[in-house]
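For reference, work.txt (compact mmCIF, C-alpha atoms):
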# COMPACT_ATOMS: atom_id res chain seq x y z
CA MET A 914 134.69 98.63 110.09
CA ASP A 915 132.30 98.81 107.13
CA SER A 916 129.38 97.50 109.21
CA GLU A 917 130.15 100.05 111.92
CA ASN A 918 130.19 102.89 109.38
CA GLU A 919 126.89 101.67 107.98
CA ARG A 920 125.35 101.61 111.47
CA VAL A 921 126.47 105.19 112.11
CA ARG A 922 125.14 106.33 108.75
CA ARG A 923 121.73 104.81 109.43
CA ASP A 924 121.64 106.50 112.83
CA VAL A 925 121.89 109.99 111.30
CA VAL A 926 118.40 111.40 111.71
CA SER A 927 116.69 114.63 110.72
CA PHE A 928 115.18 115.38 114.14
CA VAL A 929 116.41 116.40 117.58
CA ARG A 930 115.93 113.76 120.24
CA ARG A 931 113.64 114.99 123.03
CA SER A 932 112.08 113.80 126.27
CA THR A 933 109.35 111.16 126.07
CA ARG A 934 107.72 112.25 129.33
CA MET A 935 104.00 113.06 129.00
CA ASN A 936 101.90 115.36 131.14
CA ASP A 937 98.57 114.24 132.60
CA SER A 938 96.54 115.62 129.70
CA GLN A 939 98.71 113.81 127.18
CA LYS A 940 98.54 110.58 129.18
CA GLY A 941 94.76 110.79 129.16
CA ALA A 942 94.60 111.41 125.42
CA TRP A 943 96.96 108.50 124.82
CA GLU A 944 94.85 106.14 126.93
CA ARG A 945 91.64 107.18 125.15
CA HIS A 946 92.78 107.23 121.53
CA ALA A 947 96.12 105.52 120.90
CA ALA A 948 94.68 102.07 120.30
CA GLU A 949 92.50 103.42 117.48
CA PHE A 950 94.75 105.95 115.80
CA VAL A 951 98.38 105.02 116.48
CA MET A 952 99.72 102.34 114.16
CA ASP A 953 101.24 99.23 115.74
CA ILE A 954 104.36 99.05 113.57
CA PRO A 955 107.21 96.58 114.28
CA VAL A 956 110.33 98.43 115.42
CA GLY A 957 113.64 97.93 113.62
CA ASN A 958 117.14 97.80 115.06
CA LEU A 959 116.86 101.40 116.30
CA PRO A 960 113.94 102.88 118.28
CA THR A 961 112.70 105.16 115.49
CA THR A 962 113.15 102.70 112.63
CA ILE A 963 110.69 100.21 111.15
CA ALA A 964 111.43 96.51 110.85
CA GLU A 965 112.44 95.47 107.37
CA GLY A 966 109.69 93.83 105.36
CA THR A 967 106.87 95.63 107.22
CA GLU A 968 103.86 96.33 105.01
CA VAL A 969 100.61 98.17 105.66
CA ASP A 970 97.33 97.86 103.77
CA TRP A 971 96.16 101.45 104.14
CA GLU A 972 92.73 100.86 102.62
CA SER A 973 92.05 98.18 105.23
CA THR A 974 93.50 100.40 107.96
CA PHE A 975 91.12 103.26 107.15
CA GLY A 976 88.29 101.00 106.04
CA ARG A 977 87.85 102.74 102.71
CA GLN A 978 89.48 103.70 99.43
CA ALA A 979 90.42 107.38 99.55
CA PRO A 980 93.21 109.77 98.50
CA LEU A 981 96.18 109.47 100.83
CA ILE A 982 98.36 112.30 102.19
CA VAL A 983 101.48 111.88 104.32
CA GLU A 984 102.90 114.48 106.69
CA ILE A 985 106.43 113.99 107.98
CA GLY A 986 106.98 115.66 111.34
CA SER A 987 103.41 116.41 112.40
CA GLY A 988 104.43 117.71 115.83
CA LYS A 989 101.49 118.26 118.16
CA GLY A 990 98.99 118.24 115.30
CA ASP A 991 98.41 122.01 115.40
CA SER A 992 98.04 122.21 111.63
CA LEU A 993 97.41 118.55 110.76
CA VAL A 994 94.21 118.11 112.73
CA PRO A 995 92.36 121.17 111.34
CA MET A 996 93.57 120.33 107.82
CA ALA A 997 92.29 116.75 108.16
CA GLN A 998 89.04 118.05 109.62
CA ALA A 999 88.62 120.29 106.56
CA ARG A 1000 89.14 117.34 104.17
CA PRO A 1001 87.12 114.41 105.53
CA GLU A 1002 87.21 112.68 102.15
CA VAL A 1003 91.01 112.28 102.41
CA ASP A 1004 93.02 109.92 104.63
CA PHE A 1005 96.16 111.18 106.39
CA VAL A 1006 99.20 109.35 107.69
CA ALA A 1007 101.40 111.36 110.06
CA PHE A 1008 104.96 110.48 111.05
CA GLU A 1009 106.12 111.82 114.39
CA VAL A 1010 108.88 110.40 116.60
CA PHE A 1011 107.95 112.07 119.91
CA LYS A 1012 105.27 110.29 121.91
CA PRO A 1013 104.14 113.37 123.90
CA ALA A 1014 103.58 115.26 120.63
CA VAL A 1015 101.58 112.32 119.29
CA ALA A 1016 99.51 112.33 122.47
CA SER A 1017 98.76 116.02 121.96
CA THR A 1018 97.69 115.23 118.39
CA LEU A 1019 95.37 112.51 119.70
CA GLY A 1020 93.84 114.99 122.14
CA ARG A 1021 93.18 117.44 119.33
CA MET A 1022 91.67 114.69 117.21
CA GLY A 1023 89.37 113.67 120.02
CA ARG A 1024 88.18 117.22 120.70
CA ALA A 1025 87.59 117.87 116.98
CA GLY A 1026 86.02 114.49 116.25
CA VAL A 1027 88.63 113.78 113.56
CA THR A 1028 89.01 110.11 112.59
CA ASN A 1029 90.82 110.23 109.22
CA ILE A 1030 94.37 110.35 110.64
CA ARG A 1031 96.68 107.48 111.56
CA VAL A 1032 99.99 108.20 113.31
CA VAL A 1033 103.22 106.25 112.88
CA ILE A 1034 105.81 106.77 115.60
CA ALA A 1035 108.91 106.42 113.44
CA ASP A 1036 111.40 108.32 111.32
CA GLY A 1037 109.24 109.48 108.43
CA ALA A 1038 112.10 109.77 105.97
CA ARG A 1039 112.56 106.02 106.20
CA GLY A 1040 108.94 105.13 106.81
CA LEU A 1041 107.83 106.86 103.64
CA ASP A 1042 110.01 104.51 101.64
CA GLN A 1043 109.00 101.38 103.54
CA LEU A 1044 105.27 101.65 104.14
CA PHE A 1045 103.84 103.00 100.87
CA ASN A 1046 103.63 101.65 97.36
CA ASP A 1047 105.05 103.70 94.53
CA ALA A 1048 102.56 106.13 92.96
CA SER A 1049 100.15 105.82 95.91
CA LEU A 1050 100.17 109.29 97.52
CA GLN A 1051 98.29 112.40 96.48
CA GLU A 1052 100.47 114.71 98.54
CA VAL A 1053 103.49 114.73 100.87
CA TRP A 1054 103.92 117.53 103.43
CA THR A 1055 107.13 118.62 105.14
CA PHE A 1056 106.37 121.78 107.08
CA PHE A 1057 109.02 123.52 109.21
CA ALA A 1058 111.46 120.62 109.37
CA ASP A 1059 114.45 121.16 111.66
CA PRO A 1060 116.82 123.51 109.76
CA TRP A 1061 120.01 122.16 111.37
CA HIS A 1062 121.83 125.48 111.13
CA LYS A 1063 125.42 124.40 111.69
CA THR A 1064 127.26 123.35 108.56
CA ARG A 1065 128.47 120.14 110.15
CA HIS A 1066 124.84 119.18 110.79
CA HIS A 1067 123.56 119.83 107.27
CA LYS A 1068 123.78 116.09 106.62
CA ARG A 1069 120.82 115.76 109.00
CA ARG A 1070 118.52 117.97 106.94
CA LEU A 1071 115.44 116.13 105.77
CA VAL A 1072 115.26 117.62 102.27
CA THR A 1073 117.98 116.18 100.04
CA PRO A 1074 118.12 114.93 96.45
CA ALA A 1075 118.05 111.35 97.77
CA PHE A 1076 114.90 111.99 99.82
CA ALA A 1077 113.39 113.74 96.81
CA ASP A 1078 113.84 110.50 94.87
CA VAL A 1079 111.71 108.73 97.47
CA VAL A 1080 109.00 111.40 97.51
CA ALA A 1081 108.82 111.45 93.71
CA ALA A 1082 108.49 107.68 93.60
CA LYS A 1083 105.64 107.60 96.13
CA LEU A 1084 103.58 110.44 94.61
CA VAL A 1085 101.06 109.75 91.89
CA PRO A 1086 101.75 111.57 88.62
CA GLY A 1087 100.53 115.11 89.28
CA GLY A 1088 100.78 114.61 93.04
CA LEU A 1089 102.15 117.46 95.16
CA TRP A 1090 104.97 117.89 97.65
CA ARG A 1091 104.26 120.90 99.86
CA LEU A 1092 107.10 122.38 101.92
CA ALA A 1093 107.48 125.35 104.23
CA THR A 1094 110.32 126.74 106.34
CA ASP A 1095 110.94 130.02 108.09
CA TRP A 1096 114.73 129.80 107.76
CA GLU A 1097 115.90 131.41 104.53
CA ASP A 1098 119.09 129.38 104.21
CA TYR A 1099 117.12 126.14 104.48
CA ALA A 1100 114.59 127.44 101.96
CA LEU A 1101 117.41 128.12 99.49
CA TRP A 1102 118.88 124.69 100.28
CA GLN A 1103 115.52 123.11 99.39
CA ARG A 1104 115.36 125.00 96.11
CA GLU A 1105 118.87 123.86 95.24
CA ALA A 1106 118.03 120.24 96.04
CA LEU A 1107 114.68 120.12 94.28
CA ASP A 1108 114.52 122.57 91.38
CA SER A 1109 116.80 120.42 89.23
CA HIS A 1110 115.17 117.10 90.12
CA GLY A 1111 114.14 115.24 87.00
CA GLN A 1112 110.77 114.02 88.33
CA LEU A 1113 109.66 117.10 90.27
CA VAL A 1114 108.40 120.36 88.79
CA ASN A 1115 108.40 123.61 90.75
CA VAL A 1116 104.74 124.54 90.30
CA HIS A 1117 105.28 128.28 90.76
CA HIS A 1118 108.74 128.39 89.14
CA GLY A 1119 109.99 129.86 92.42
CA TRP A 1120 108.50 130.50 95.85
CA ALA A 1121 104.90 129.46 96.26
CA PRO A 1122 102.29 131.79 97.72
CA ARG A 1123 101.43 130.84 101.27
CA TRP A 1124 99.11 127.87 101.06
CA GLU A 1125 95.82 129.02 102.49
CA GLY A 1126 94.99 125.48 103.62
CA ARG A 1127 97.80 125.49 106.18
CA PRO A 1128 96.90 127.19 109.49
CA VAL A 1129 99.44 129.46 111.18
CA THR A 1130 100.72 127.46 114.14
CA LYS A 1131 102.25 128.81 117.34
CA TYR A 1132 105.65 127.72 116.01
CA GLU A 1133 105.23 129.66 112.79
CA GLN A 1134 103.87 132.68 114.64
CA ARG A 1135 106.95 132.76 116.87
CA GLY A 1136 109.09 132.89 113.74
CA LEU A 1137 106.99 135.69 112.30
CA ASP A 1138 107.23 137.60 115.59
CA ALA A 1139 111.01 137.17 115.43
CA GLY A 1140 111.06 138.67 111.94
CA ARG A 1141 111.42 135.43 109.97
CA ALA A 1142 109.20 135.06 106.90
CA ALA A 1143 107.87 131.64 105.94
CA HIS A 1144 108.96 130.34 102.54
CA ASP A 1145 106.52 127.98 100.85
CA LEU A 1146 107.35 125.65 97.99
CA THR A 1147 105.18 123.32 95.93
CA TYR A 1148 106.50 120.62 93.62
CA GLU A 1149 104.46 118.41 91.32
CA ARG A 1150 105.37 114.86 90.36
CA ALA A 1151 105.96 114.86 86.61
CA ARG A 1152 102.99 113.46 84.70

Show me this structure written as structure tokens.
Amino acid sequence: MDSENERVRRDVVSFVRRSTRMNDSQKGAWERHAAEFVMDIPVGNLPTTIAEGTEVDWESTFGRQAPLIVEIGSGKGDSLVPMAQARPEVDFVAFEVFKPAVASTLGRMGRAGVTNIRVVIADGARGLDQLFNDASLQEVWTFFADPWHKTRHHKRRLVTPAFADVVAAKLVPGGLWRLATDWEDYALWQREALDSHGQLVNVHHGWAPRWEGRPVTKYEQRGLDAGRAAHDLTYERAR
């Protein structure tokens, strides 16, 4: 019974499972770019997990020593690709579980000539812990994570004190965790989970001004059109 409970607990994820079917444009982008930009990571006992003991030498992967930023839930790359294009001196690792969304990201990368992104098709909450050394990341981004509205689904929310422990461990001292959500209850949930964390400091002592480096995506614009305001937060790893 204990092993069964543990299996169920590990299978609780922070994302909605969606179709893996790609359209023709996505198939073409995948064929052109996946071999170069999608990481070949051994799969664990579940499709979105990473095999235990997997390690990645990110400097060898990118072929250089550079600051490293991780985005969890990069979607179709609407914001990631232009942000990576604007910071060519930085390397980016994006976690996204949906292959069609990754293919769309690859298409955007190809059209923009962006080469400083690598994509991992896996659950980023777990991958962050497994694939990066402590104190190795300049920034972590979690923008517009699924809010999981129903109370019984709150356990699936990405931002928790336990996940904050992982983020804090992976950030360099002074490194930043940038968050955004357009659901007020999830924004307040994030504040409750993070403001009292011993290794994270709320940079603005409250809500952050909208980060000008983050483009307004179609998803965010739909929220704005529906009357939902985006709430930004920025936390710094204690020095």

Spatial neighbours of segment 1022-1037 of chain A, 8 Å, only C-alpha atoms, chain gap at least 3 places, as a PDB file with C-alpha atoms, in the frame of the given file:
ATOM      1  CA  VAL A 926     118.400 111.400 111.710  1.00  0.00           C
ATOM      2  CA  ALA A 942      94.600 111.410 125.420  1.00  0.00           C
ATOM      3  CA  HIS A 946      92.780 107.230 121.530  1.00  0.00           C
ATOM      4  CA  PHE A 950      94.750 105.950 115.800  1.00  0.00           C
ATOM      5  CA  VAL A 951      98.380 105.020 116.480  1.00  0.00           C
ATOM      6  CA  MET A 952      99.720 102.340 114.160  1.00  0.00           C
ATOM      7  CA  ASP A 953     101.240  99.230 115.740  1.00  0.00           C
ATOM      8  CA  ILE A 954     104.360  99.050 113.570  1.00  0.00           C
ATOM      9  CA  PRO A 960     113.940 102.880 118.280  1.00  0.00           C
ATOM     10  CA  THR A 961     112.700 105.160 115.490  1.00  0.00           C
ATOM     11  CA  THR A 962     113.150 102.700 112.630  1.00  0.00           C
ATOM     12  CA  ILE A 963     110.690 100.210 111.150  1.00  0.00           C
ATOM     13  CA  PHE A 975      91.120 103.260 107.150  1.00  0.00           C
ATOM     14  CA  ILE A 985     106.430 113.990 107.980  1.00  0.00           C
ATOM     15  CA  GLY A 986     106.980 115.660 111.340  1.00  0.00           C
ATOM     16  CA  VAL A 994      94.210 118.110 112.730  1.00  0.00           C
ATOM     17  CA  ALA A 997      92.290 116.750 108.160  1.00  0.00           C
ATOM     18  CA  GLN A 998      89.040 118.050 109.620  1.00  0.00           C
ATOM     19  CA  PRO A1001      87.120 114.410 105.530  1.00  0.00           C
ATOM     20  CA  VAL A1003      91.010 112.280 102.410  1.00  0.00           C
ATOM     21  CA  ASP A1004      93.020 109.920 104.630  1.00  0.00           C
ATOM     22  CA  PHE A1005      96.160 111.180 106.390  1.00  0.00           C
ATOM     23  CA  VAL A1006      99.200 109.350 107.690  1.00  0.00           C
ATOM     24  CA  ALA A1007     101.400 111.360 110.060  1.00  0.00           C
ATOM     25  CA  PHE A1008     104.960 110.480 111.050  1.00  0.00           C
ATOM     26  CA  GLU A1009     106.120 111.820 114.390  1.00  0.00           C
ATOM     27  CA  VAL A1010     108.880 110.400 116.600  1.00  0.00           C
ATOM     28  CA  PHE A1011     107.950 112.070 119.910  1.00  0.00           C
ATOM     29  CA  LYS A1012     105.270 110.290 121.910  1.00  0.00           C
ATOM     30  CA  VAL A1015     101.580 112.320 119.290  1.00  0.00           C
ATOM     31  CA  THR A1018      97.690 115.230 118.390  1.00  0.00           C
ATOM     32  CA  LEU A1019      95.370 112.510 119.700  1.00  0.00           C
ATOM     33  CA  GLY A1040     108.940 105.130 106.810  1.00  0.00           C
ATOM     34  CA  LEU A1041     107.830 106.860 103.640  1.00  0.00           C
TER      35      LEU A1041
END

So that I can see what lies close to Trp943 of chain A, please list as a PDB file with C-alpha atoms, keeping the file's coordinate frame the residues with an atom at most 8 Å from it, counting all atoms listed in the file and leaving out residues fewer than 3 positions away in the same chain.
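Now in out.pdb:
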ATOM      1  CA  GLN A 939      98.710 113.810 127.180  1.00  0.00           C
ATOM      2  CA  LYS A 940      98.540 110.580 129.180  1.00  0.00           C
ATOM      3  CA  HIS A 946      92.780 107.230 121.530  1.00  0.00           C
ATOM      4  CA  ALA A 947      96.120 105.520 120.900  1.00  0.00           C
ATOM      5  CA  ALA A1016      99.510 112.330 122.470  1.00  0.00           C
ATOM      6  CA  LEU A1019      95.370 112.510 119.700  1.00  0.00           C
ATOM      7  CA  GLY A1020      93.840 114.990 122.140  1.00  0.00           C
TER       8      GLY A1020
END

- Task: Calculate how many Å separate atom CA of Leu1084 of chain A from atom CA of Asp1042 of chain A, rounding to one decimal.
- Result: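 Atom CA of Asp1042 of chain A lies at a distance of 11.2 Å from atom CA of Leu1084 of chain A.
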
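Atom CA of Asp1059 of chain A is found 25.4 Å from atom CA of Gly1111 of chain A.
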
- Shell around Leu1050 of chain A at 6 Å using all atoms listed in the file, local window under 6 positions removed, as number ranges by chain: A: 981-982, 1083-1085

- Pick from A:Ala1014, A:Val969, A:Ala1093, A:Ala1143 nearest to Met935 of chain A, counting only C-alpha atoms: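 Of the candidates, the smallest distance to Met935 of chain A is held by A:Ala1014.
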
Contact residues around segment 1115-1119 of chain A with all atoms listed in the file at 7 Å, ignoring same-chain residues under 4 positions, as a PDB file with C-alpha atoms, in the frame of the given file:
ATOM      1  CA  ASP A1108     114.520 122.570  91.380  1.00  0.00           C
ATOM      2  CA  THR A1147     105.180 123.320  95.930  1.00  0.00           C
ATOM      3  CA  TYR A1148     106.500 120.620  93.620  1.00  0.00           C
ATOM      4  CA  GLU A1149     104.460 118.410  91.320  1.00  0.00           C
TER       5      GLU A1149
END

- Task: Quote the spacing between atom CA of Arg1069 of chain A and atom CA of Ala1038 of chain A in Å to one decimal place.
- Result: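 Atom CA of Ala1038 of chain A lies at a distance of 11.0 Å from atom CA of Arg1069 of chain A.
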
Enclose the full set of atoms of segment 1019-1034 of chain A listed in the file within a box whose edges lie along x, y and z, apply 3 Å of padding to each of the six sides, and report centre and edge lengths in Å to one decimal as AutoDock Vina command-line options.
--center_x 95.9 --center_y 112.1 --center_z 115.7 --size_x 25.8 --size_y 17.6 --size_z 18.9

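Every protein or nucleic acid residue with an atom no more than 8 Å from segment 1070-1081 of chain A, counting only C-alpha atoms and leaving out same-chain residues fewer than 4 positions away, appears here: A:Ser927, A:Ala1038, A:Leu1041, A:Asp1042, A:Val1053, A:Ala1058, A:Asp1059, A:Pro1060, A:Trp1061, A:His1066, A:Trp1090, A:Gln1103, A:Ala1106, A:Leu1107, A:His1110, A:Gln1112, A:Leu1113, A:Arg1150.
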
Could you give me, as CSV, every segment 940-1013 of chain A residue with an atom at most 9 Å from segment 1121-1131 of chain A, plus its closest atom pair and distance in Å to one decimal, counting all atoms listed in the file, rows ordered by chain then number?
residue,atom,partner,partner_atom,distance
A:Asp991,CA,A:Thr1130,CA,6.1
A:Ser992,CA,A:Pro1128,CA,5.5
A:Leu993,CA,A:Arg1127,CA,8.3
A:Pro995,CA,A:Pro1128,CA,7.8
A:Met996,CA,A:Gly1126,CA,6.8
A:Ala999,CA,A:Gly1126,CA,8.7

- Query: Pick from A:Phe1056, A:Pro1013, A:Gln1134, A:Glu1002: nearest to Ser987 of chain A, with only C-alpha atoms counted?
  - Reply: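 Result for the nearest residue to Ser987 of chain A: A:Phe1056.
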
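Distances here use all atoms listed in the file; by that measure, the residue among A:Glu949, A:Asp1138, A:Asp1098, A:Glu1052 closest to His1067 of chain A is A:Asp1098.
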